[in-house]
Amino acid sequence: MSILPALASRRAGVRGSAATPYLFLLPYLVVFVLFRFGPVVGGFLTSLTSWSIVGTPRFVGLANYRALASDPLFYTALKNTCYFLVLTAPALVLGGFLLALLLNRPLWGRGAARVLIFAPYAMMSAVVGILWNWILDSNFGLLNFYLARLHLGPIPWLSSEAAAMPAIALTTVWWTVGYNMVIFLAGLQEIPHELQEAARIDGAGAWQVLWSITVPLLRPTTFVVVMLTIINTFQVFDQVYVMTGGGPGTATLTLVQYLYFQAFETFRLGYGSAIAYVTFAILLALSWLHRFLPSEVAA
Amino acid sequence: MTARRSAGGARPVPASARARSGCAAGKWGAAAAAHAVEIVCVLMFVAPIVWMISTSLKPEGQILSYPPLWIPRTWTLENFQSVLARFAFVRWTVNSIAVAVAATALVVALDAMAGYALARFAFPGRSLIYQTIIAMLLVPIQVTVIPLFLVFAQMHAIDTYQALILPTTANVTGVFLMRQFFLGIPAELEEAARIDGAGDFRIFSQVVLPLSRPVMAAVAALTFVSSWNNFLWPLIAVSSDRARTLPVGIAQYMGGHAGTSGSAPAFGPALASAVMATAPALVAFFLLQRYFTQGITLTGIKG
């Protein structure tokens with residue numbers, strides 16, 4: 001940052017081609033405006049229209065939002081999404097933290113363990129969905145087999161309204177907790193060793209070191225992990241689409257699922273856009289609760 | 001390694017260390033417990049993948065055996081053959097590779113240039129442009145899918161590679177990572193090249209880019225994987241095998257619940273397709289995981 005003024009003044013004197021930075025930026029800005037910024041603005045405008053795929057859009061003001069406010073399926077989707085968030089987010093954050101703590105210890109084979117626990121994240125959602133459909137199968141699934149060994153179940157995982165969402169939550173935790181672990185590990189490695197050593201020499205026990213040094217120093221990392229987890233969880237779609245299609249009934253219908261249904265199965269594009277924007281607003285509110293962007297990004 | 005060290009510490013108990021022996025034994029116990037937990041955790045994450053591979057290699061009759069067979073009694077490739085014979089699996093794979101390669105190349109090139117402009121030049125509107133780009137990090141992708149669909153439908157470009165590649169190129173994280181990296185490169189190098197008479201573009205391509213391999217690798221790894229796994233937009237933008245990518249093909253033809261195929265195939269072929277789709281990704285992941293974790297760490301910590 002500090003070099004910029006010097007660089008700029010020299011540039012003005014020697015080179016003076018003011019167009020250069022814009023030439024560097026131009027290709028990116030074209031695709032950014034066409035395929036990101038434009039659609040974000042366009043999405044809002046679409047939400048103010050009644051638009052099926054054939055025919056022309058008709059401006060309807062906030063009618064879509066009003067309709068949404070009294071749409072029971074929307075509230076079902078919102079409730080299910082929140083339920084999914086409650087089931088997965090704590091497990092993903094706490095699980096990622098505990099795995100990172102464990103694999104930050106000088107254990108034998110910890111490098112391999114880190115990679116293996118992170119590996120499911122490299123699988124595509126459709127594959128994860130198919131694999132867990134099989135593992136969670138009521139009659140022949142691996143999970144019910146081992147639960148039966150413990151004299152539990154059988155649980156009709158994906159075919160009952162009560163168990164379907166927990167089943168998808170379990171799948172999701174298996175799939176993505178490694179991602180949080182990686183971020184936590186990087187955070188743990190930034191904590192200077194001397195601090196923990198010093199505390200130990202002063203007679204602090206393992207728990208005390210954890211609570212009074214590791215956890216507080218890890219707060220910025222925790223913060224990022226919590227926000228990323230909430231944002232990703234709130235947009236859950238793939239696993240649900242592959243594993244239950246929103247069922248049984250509407251037990252696993254989520255917000256993005258409902259958006260997809262309205263916009264691309266019944267072709268109510270305006271209404272779908274309204275769902276997208278309400279979801280966005282909820283996420284924004286959640287982010288603002290915690291001032292999401294660290295100062296470096298906003299610089 | 002250190003487990004052995006702490007075990008070694010516990011073995012010899014000289015008189016002078018007698019007072020500490022209780023503590024050492026406790027340490028040894030803790031290390032043993034931590035290793036046990038480590039093994040259990042790894043098993044929980046690996047077992048489903050092993051189960052997937054094992055199932056895909058079993059003949060129809062053994063798949064539903066009770067109790068489950070971890071190792072097939074007889075091995076077969078019939079599930080793989082049936083997938084390749086009945087579905088356009090090869091075409092989906094080719095589509096996925098083409099889209100991911102093109103998207104990755106474009107993202108690395110465009111983001112490097114944009115990141116460089118934002119890091120090294122002072123120009124009117126810089127901060128507004130940068131903040132607008134960064135603000136898009138907060139906007140969930142599903143907000144854009146309906147307008148994107150309308151745009152590509154208007155251009156009669158639904159079900160084409162362009163429809164899959166272009167939206168991916170409007171990548172935000174990459175610009176952020178590139179800019180951060182360029183800010184960390186000492187400007188003296190560029191100054192020296194400038195005194196030697198190099199122009200802006202030559203400085204960028206011959207001085208800056210060669211120094212930027214780590215960040216380019218991280219951005220490339222993240223982009224490739226996210227394109228490879230991308231689901232919602234391809235599901236919307238694709239209507240035939242012409243452009244259908246692997247995740248969409250697998251979900252639509254192998255998933256039990258949502259599909260254009262009507263009835264899902266048996267578990268054997270479904271898991272064989274899962275193995276075929278996963279194997280290249282996992283191999284690439286094990287080879288490139290350094291860049292992959294680097295990218296995630298950079299976005300997670302610094303972003």
# chains A, B, ... in the order shown; residues from 1 in each chain; ligands from 1

$ residues_around --residues "Leu103 in chain A" --least-positions-apart "2" --cutoff "12 Å" --atoms "only C-alpha atoms" --output "number ranges by chain"
A: 96-101, 105-118, 178, 181-182, 184-186, 188-189; B: 31, 34-35, 37-39, 41-42

$ select_by_dssp --residues "range 16-251 of chain A" --states "strand (DSSP E or B)" --output "VMD selection string"
chain A and resid 49 to 50 58 to 59

$ select_by_dssp --residues "range 79-172 of chain A" --states "alpha helix (DSSP H)" --output "number ranges by chain"
A: 79-104, 110-118, 125-135, 142-149, 161-172

$ atom_distance --atom1 "CA of Pro68 in chain B" --atom2 "CA of Trp175 in chain A"
22.6 Å

$ atom_distance --atom1 "CA of Phe140 in chain A" --atom2 "CA of Phe84 in chain A"
25.6 Å

$ atom_distance --atom1 "CA of Thr297 in chain B" --atom2 "CA of Ile183 in chain A"
5.5 Å

$ closest_residue --among "B:Leu235, B:Met276, B:Leu148, B:Met178" --to "chain A" --atoms "only C-alpha atoms"
B:Leu148

$ residues_around --residues "range 277-285 of chain A" --least-positions-apart "6" --cutoff "10 Å" --atoms "only C-alpha atoms" --output "list of chain:residue names"
A:Val40, A:Gly43, A:Phe44, A:Ser47, A:Tyr65, A:Leu68, A:Leu78, A:Met227, A:Ile230, A:Ile231, A:Asn232, A:Phe234, A:Gln235, A:Leu255, A:Val256, A:Leu259, A:Tyr271, A:Arg291, A:Phe292, B:Leu138, B:Val139, B:Pro140, B:Ile141, B:Gln142, B:Val143, B:Thr144

$ write_last_selection --atoms "C-alpha atoms" --output "CSV table (one decimal), in the first residue's frame"
chain,number,residue,atom,x,y,z
A,40,VAL,CA,-27.5,-9.4,-8.9
A,43,GLY,CA,-32.5,-10.5,-9.9
A,44,PHE,CA,-34.0,-7.7,-7.8
A,47,SER,CA,-38.5,-10.0,-8.4
A,65,TYR,CA,-43.1,-10.3,-1.7
A,68,LEU,CA,-44.5,-14.8,-0.2
A,78,LEU,CA,-37.7,-21.3,5.9
A,227,MET,CA,-19.9,-17.1,9.2
A,230,ILE,CA,-23.9,-20.2,8.3
A,231,ILE,CA,-23.7,-18.8,4.8
A,232,ASN,CA,-23.1,-22.2,3.2
A,234,PHE,CA,-28.3,-21.6,4.6
A,235,GLN,CA,-27.9,-22.2,0.9
A,255,LEU,CA,-35.3,-22.3,0.6
A,256,VAL,CA,-33.1,-22.8,-2.4
A,259,LEU,CA,-36.6,-21.2,-5.4
A,271,TYR,CA,-41.7,-15.3,-7.6
A,291,ARG,CA,-19.6,-7.5,11.0
A,292,PHE,CA,-18.5,-10.2,8.6
B,138,LEU,CA,-21.8,-11.6,0.4
B,139,VAL,CA,-24.3,-12.3,-2.4
B,140,PRO,CA,-25.3,-15.9,-2.5
B,141,ILE,CA,-25.1,-17.5,-5.9
B,142,GLN,CA,-28.8,-18.4,-6.1
B,143,VAL,CA,-29.6,-14.7,-6.4
B,144,THR,CA,-28.0,-14.7,-9.8

$ residues_around --residues "Val238 in chain B" --least-positions-apart "6" --cutoff "10 Å" --atoms "only C-alpha atoms" --output "list in words"
Ala157, Ile158, Asp159, Thr160, Tyr161, Ala163, Leu164, Arg244, Thr245, Val248 and Gly249 of chain B

$ closest_residue --among "B:Phe123, B:Tyr66, B:Phe286, B:Phe89" --to "Ala272 in chain B" --atoms "only C-alpha atoms"
B:Phe89

$ residues_around --residues "Leu87 in chain A" --least-positions-apart "5" --cutoff "9 Å" --atoms "only C-alpha atoms" --output "NGL selection string"
:A and (82 or 165-166 or 169-170)

$ write_last_selection --atoms "C-alpha atoms" --output "PDB file, in the first residue's frame"
ATOM      1  CA  CYS A  82     -33.296 -23.128   9.956  1.00  0.00           C
ATOM      2  CA  MET A 165     -33.401 -33.927   7.750  1.00  0.00           C
ATOM      3  CA  PRO A 166     -31.080 -35.361  10.427  1.00  0.00           C
ATOM      4  CA  ALA A 169     -27.389 -33.168   8.204  1.00  0.00           C
ATOM      5  CA  LEU A 170     -25.247 -36.184   9.094  1.00  0.00           C
TER       6      LEU A 170
END

$ residues_around --residues "Asn64 in chain A" --least-positions-apart "5" --cutoff "12 Å" --atoms "only C-alpha atoms" --output "PyMOL selection string"
chain A and resi 44-51+58-59+69-71+74+262+268-278

$ write_last_selection --atoms "N, CA and C atoms" --output "PDB file, in the first residue's frame"
ATOM      1  N   PHE A  44     -33.105  -8.536  -8.620  1.00  0.00           N
ATOM      2  CA  PHE A  44     -34.042  -7.728  -7.836  1.00  0.00           C
ATOM      3  C   PHE A  44     -35.158  -7.195  -8.734  1.00  0.00           C
ATOM      4  N   LEU A  45     -34.771  -6.695  -9.912  1.00  0.00           N
ATOM      5  CA  LEU A  45     -35.777  -6.176 -10.841  1.00  0.00           C
ATOM      6  C   LEU A  45     -36.758  -7.285 -11.234  1.00  0.00           C
ATOM      7  N   THR A  46     -36.210  -8.473 -11.480  1.00  0.00           N
ATOM      8  CA  THR A  46     -37.089  -9.595 -11.842  1.00  0.00           C
ATOM      9  C   THR A  46     -38.091  -9.889 -10.732  1.00  0.00           C
ATOM     10  N   SER A  47     -37.638  -9.712  -9.487  1.00  0.00           N
ATOM     11  CA  SER A  47     -38.526 -10.033  -8.368  1.00  0.00           C
ATOM     12  C   SER A  47     -39.712  -9.070  -8.292  1.00  0.00           C
ATOM     13  N   LEU A  48     -39.641  -7.970  -9.043  1.00  0.00           N
ATOM     14  CA  LEU A  48     -40.746  -7.008  -9.056  1.00  0.00           C
ATOM     15  C   LEU A  48     -41.688  -7.258 -10.234  1.00  0.00           C
ATOM     16  N   THR A  49     -41.483  -8.385 -10.915  1.00  0.00           N
ATOM     17  CA  THR A  49     -42.309  -8.657 -12.087  1.00  0.00           C
ATOM     18  C   THR A  49     -43.030  -9.992 -11.951  1.00  0.00           C
ATOM     19  N   SER A  50     -44.039 -10.137 -12.796  1.00  0.00           N
ATOM     20  CA  SER A  50     -44.638 -11.447 -12.984  1.00  0.00           C
ATOM     21  C   SER A  50     -44.124 -11.928 -14.336  1.00  0.00           C
ATOM     22  N   TRP A  51     -43.367 -13.010 -14.348  1.00  0.00           N
ATOM     23  CA  TRP A  51     -42.649 -13.409 -15.559  1.00  0.00           C
ATOM     24  C   TRP A  51     -42.600 -14.925 -15.637  1.00  0.00           C
ATOM     25  N   ARG A  58     -44.241  -8.546 -16.564  1.00  0.00           N
ATOM     26  CA  ARG A  58     -45.221  -7.519 -16.215  1.00  0.00           C
ATOM     27  C   ARG A  58     -44.842  -6.986 -14.840  1.00  0.00           C
ATOM     28  N   PHE A  59     -44.693  -5.661 -14.737  1.00  0.00           N
ATOM     29  CA  PHE A  59     -44.301  -5.057 -13.465  1.00  0.00           C
ATOM     30  C   PHE A  59     -45.437  -5.189 -12.447  1.00  0.00           C
ATOM     31  N   ALA A  69     -45.211 -13.606   1.753  1.00  0.00           N
ATOM     32  CA  ALA A  69     -45.492 -13.438   3.177  1.00  0.00           C
ATOM     33  C   ALA A  69     -46.672 -14.292   3.622  1.00  0.00           C
ATOM     34  N   SER A  70     -47.518 -14.698   2.685  1.00  0.00           N
ATOM     35  CA  SER A  70     -48.644 -15.535   3.100  1.00  0.00           C
ATOM     36  C   SER A  70     -48.604 -16.894   2.392  1.00  0.00           C
ATOM     37  N   ASP A  71     -47.398 -17.326   2.048  1.00  0.00           N
ATOM     38  CA  ASP A  71     -47.237 -18.613   1.374  1.00  0.00           C
ATOM     39  C   ASP A  71     -46.772 -19.662   2.383  1.00  0.00           C
ATOM     40  N   PHE A  74     -43.493 -21.429   1.716  1.00  0.00           N
ATOM     41  CA  PHE A  74     -42.297 -20.627   1.977  1.00  0.00           C
ATOM     42  C   PHE A  74     -41.884 -20.748   3.440  1.00  0.00           C
ATOM     43  N   GLN A 262     -40.020 -23.142  -7.820  1.00  0.00           N
ATOM     44  CA  GLN A 262     -40.870 -22.068  -8.352  1.00  0.00           C
ATOM     45  C   GLN A 262     -40.337 -21.538  -9.689  1.00  0.00           C
ATOM     46  N   ARG A 268     -42.213 -19.676 -12.534  1.00  0.00           N
ATOM     47  CA  ARG A 268     -42.607 -18.361 -12.007  1.00  0.00           C
ATOM     48  C   ARG A 268     -41.314 -17.645 -11.630  1.00  0.00           C
ATOM     49  N   LEU A 269     -40.697 -17.004 -12.636  1.00  0.00           N
ATOM     50  CA  LEU A 269     -39.355 -16.452 -12.446  1.00  0.00           C
ATOM     51  C   LEU A 269     -39.351 -15.270 -11.483  1.00  0.00           C
ATOM     52  N   GLY A 270     -40.388 -14.451 -11.543  1.00  0.00           N
ATOM     53  CA  GLY A 270     -40.472 -13.309 -10.630  1.00  0.00           C
ATOM     54  C   GLY A 270     -40.588 -13.765  -9.189  1.00  0.00           C
ATOM     55  N   TYR A 271     -41.459 -14.732  -8.965  1.00  0.00           N
ATOM     56  CA  TYR A 271     -41.668 -15.253  -7.623  1.00  0.00           C
ATOM     57  C   TYR A 271     -40.399 -15.928  -7.099  1.00  0.00           C
ATOM     58  N   GLY A 272     -39.739 -16.677  -7.983  1.00  0.00           N
ATOM     59  CA  GLY A 272     -38.477 -17.315  -7.607  1.00  0.00           C
ATOM     60  C   GLY A 272     -37.432 -16.283  -7.198  1.00  0.00           C
ATOM     61  N   SER A 273     -37.372 -15.191  -7.947  1.00  0.00           N
ATOM     62  CA  SER A 273     -36.412 -14.131  -7.617  1.00  0.00           C
ATOM     63  C   SER A 273     -36.708 -13.514  -6.262  1.00  0.00           C
ATOM     64  N   ALA A 274     -37.990 -13.389  -5.952  1.00  0.00           N
ATOM     65  CA  ALA A 274     -38.353 -12.845  -4.640  1.00  0.00           C
ATOM     66  C   ALA A 274     -37.850 -13.779  -3.534  1.00  0.00           C
ATOM     67  N   ILE A 275     -37.997 -15.077  -3.741  1.00  0.00           N
ATOM     68  CA  ILE A 275     -37.480 -16.032  -2.744  1.00  0.00           C
ATOM     69  C   ILE A 275     -35.965 -15.854  -2.595  1.00  0.00           C
ATOM     70  N   ALA A 276     -35.274 -15.705  -3.740  1.00  0.00           N
ATOM     71  CA  ALA A 276     -33.822 -15.535  -3.708  1.00  0.00           C
ATOM     72  C   ALA A 276     -33.454 -14.291  -2.909  1.00  0.00           C
ATOM     73  N   TYR A 277     -34.165 -13.211  -3.130  1.00  0.00           N
ATOM     74  CA  TYR A 277     -33.813 -11.973  -2.449  1.00  0.00           C
ATOM     75  C   TYR A 277     -34.149 -11.993  -0.968  1.00  0.00           C
ATOM     76  N   VAL A 278     -35.227 -12.669  -0.600  1.00  0.00           N
ATOM     77  CA  VAL A 278     -35.538 -12.776   0.834  1.00  0.00           C
ATOM     78  C   VAL A 278     -34.457 -13.615   1.522  1.00  0.00           C
TER      79      VAL A 278
END
